[in-house]
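Accompanying notes for the structure given below.
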Amino acid sequence: MSITPVQGSGSLAPSSYTQSPSQDLARRVSNVSGGIVSNRNGSLRSPILNSIRRVTYSNGTVYEGTFLNDVPSGSGMFRHPEGHVYIGNCSNGMPSGKGKLTWLNGNVYEGDWLNGSVTGQGKYISVSGHSYEGSFLDGMKSGKGKLTWPNGDVYEGDWSNDVRSGKGKLTWLSGNVYEGDWLNGFVTGQGKYTYANGDVYEGNFSNGILSGEGKLTQENGAIVAEGIFVDNALYTGTLAYFDPPYQCVREELWEDGLFVKEISPGVSDDET
């Protein structure tokens, strides 16, 4: 007896959107090295505490905002040669504090920065329709966060190194729901998968597959498979059929993925 989890953008296996665009944020907005070429009036200026100026760096980056000892500090705007624009707080020449980065293609990140890296709480929205809101560490999703796919599928839970790891809940637009353990982007460990048609599996998963000890209930309780599952199918255990209200009409013993024999039917609650 087998059942295959519904696949899709929010499938039990990692989705096609597993790499966070935030991973290159530190590269896009980094320490503005290379030396000052000019300021607003075209001449070099001596250090001025908390002055507001506009300078162009040898790498083509333009900064306009406040300085401390000739280093961007306070608040301002970095405009990069590629067309990306950062507006927000900075310290020692790097984005730190609250800030917003807008890519040339329209992708946007807004939230916390630390030493030029996305670290803390923030929200990333891509023009493709993906959005992530939650915790980041060094430009990667890490901690608690919510990822929404363009088709409406939603994951809420734990992240580590930009992939789903820990405890989390994935809700498909179709109505299927998985809640439980994740490891390196895969459903691995203990969890509960509820299908839109009412079927429920509770037990162990391995890389998105029903694997290990578990219980599968189908057709509103009319069929119950319980035991050891391998590759989404009952391998060793019992398969019971019920005739509501909950009277067992047939119970089978399965071993090594094969039917062994019929077990004597159970009794209904009325007979006990």
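Going by the structure tokens order, chains are called A, B, ..., each with residues numbered from 1, while ligands are numbered from 1 in the order shown.
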
- Among the residues of range 106-225 of chain A, find those DSSP assigns to strand (DSSP E or B) from the backbone and print them as a ChimeraX atom specification. /A:108-114,117,120-125,131-137,140-148,154-160,163-171,177-183,186-194,200-206,209-218,223-225

- Message: One number please: CA of Asn115 in chain A to CA of Trp159 in chain A, in Å, one decimal.
- Response: 21.7 Å

- Item | Neighbour list for Ser174 in chain A as a PyMOL selection string, cut-off 7 Å, only C-alpha atoms, skip fewer than 2 positions in-chain | chain A and resi 172+176+196

- Query: Which residue gives the smallest distance to Glu133 in chain A among A:Leu114, A:Phe259, A:Thr238, A:Tyr155, with only C-alpha atoms counted?
  - Reply: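 Of all the options, A:Tyr155 lies closest to Glu133 in chain A.
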
Within 12 Å of range 244-254 of chain A: each range 189-237 of chain A residue with its shortest pair, only C-alpha atoms, as CSV:
```
residue,atom,partner,partner_atom,distance
A:Glu219,CA,A:Pro244,CA,11.0
A:Asn220,CA,A:Pro244,CA,9.5
A:Gly221,CA,A:Tyr246,CA,7.9
A:Ala222,CA,A:Pro244,CA,7.2
A:Ile223,CA,A:Cys248,CA,9.5
A:Val224,CA,A:Glu251,CA,9.3
A:Ala225,CA,A:Glu252,CA,9.4
A:Glu226,CA,A:Trp254,CA,9.9
A:Gly227,CA,A:Trp254,CA,9.0
A:Ile228,CA,A:Trp254,CA,9.7
A:Phe229,CA,A:Trp254,CA,10.8
A:Ala233,CA,A:Trp254,CA,10.9
A:Leu234,CA,A:Trp254,CA,7.7
A:Tyr235,CA,A:Trp254,CA,6.7
A:Thr236,CA,A:Trp254,CA,5.1
A:Gly237,CA,A:Trp254,CA,5.2
```

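Minimum atom-to-atom distances from A:Asn207, A:Asn184, A:Ser117, A:Ser165 to Val230 in chain A were compared using only C-alpha atoms, and the lowest value belongs to A:Asn207.
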
- Using only C-alpha atoms, which of A:Asn151, A:Asn197, A:Thr66, A:Gln190 sits nearest Lys215 in chain A?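 Of A:Asn151, A:Asn197, A:Thr66, A:Gln190, the one nearest Lys215 in chain A is A:Gln190, counting only C-alpha atoms.
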
- Please provide as a PyMOL selection string all residues within 10 Å of Gly83 in chain A, with the sequence filter that same-chain residues fewer than 6 positions apart are discarded (counting only C-alpha atoms). chain A and resi 61+102-105

Export of prior selection with C-alpha atoms as a tab-separated table (two decimals), in the first residue's frame:
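Below you can see result.tsv, which holds the result:
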```
chain	number	residue	atom	x	y	z
A	61	THR	CA	30.54	53.65	-6.17
A	102	THR	CA	17.15	47.95	-4.16
A	103	TRP	CA	18.61	45.95	-7.04
A	104	LEU	CA	18.55	47.19	-10.61
A	105	ASN	CA	16.07	44.43	-11.49
```

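Our summary of the geometry notes that CA of Ile263 in chain A is positioned 13.4 Å from CA of Phe242 in chain A.
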
- Query: What is the distance between CA of Pro81 in chain A and CA of Leu68 in chain A, in Å to one decimal?
  - Reply: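 CA of Leu68 in chain A lies at a distance of 23.8 Å from CA of Pro81 in chain A.
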
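The list of residues with at least one atom within 8 Å of Thr148 in chain A, based on only C-alpha atoms and without residues fewer than 2 positions apart in the same chain, reads His130, Ser131, Tyr132, Lys146, Pro150, Gly152, Asp153, Val154 and Tyr155 of chain A.
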
Writer output for current selection, C-alpha atoms, as a tab-separated table (two decimals), in the first residue's frame:
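Ended up saving to result.tsv:
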```
chain	number	residue	atom	x	y	z
A	130	HIS	CA	9.03	35.16	-3.74
A	131	SER	CA	9.19	36.88	-0.38
A	132	TYR	CA	10.98	36.08	2.87
A	146	LYS	CA	8.47	32.90	6.65
A	150	PRO	CA	4.46	33.13	-5.97
A	152	GLY	CA	0.72	30.99	-2.52
A	153	ASP	CA	2.58	28.10	-0.84
A	154	VAL	CA	3.98	29.17	2.55
A	155	TYR	CA	6.70	27.87	4.86
```
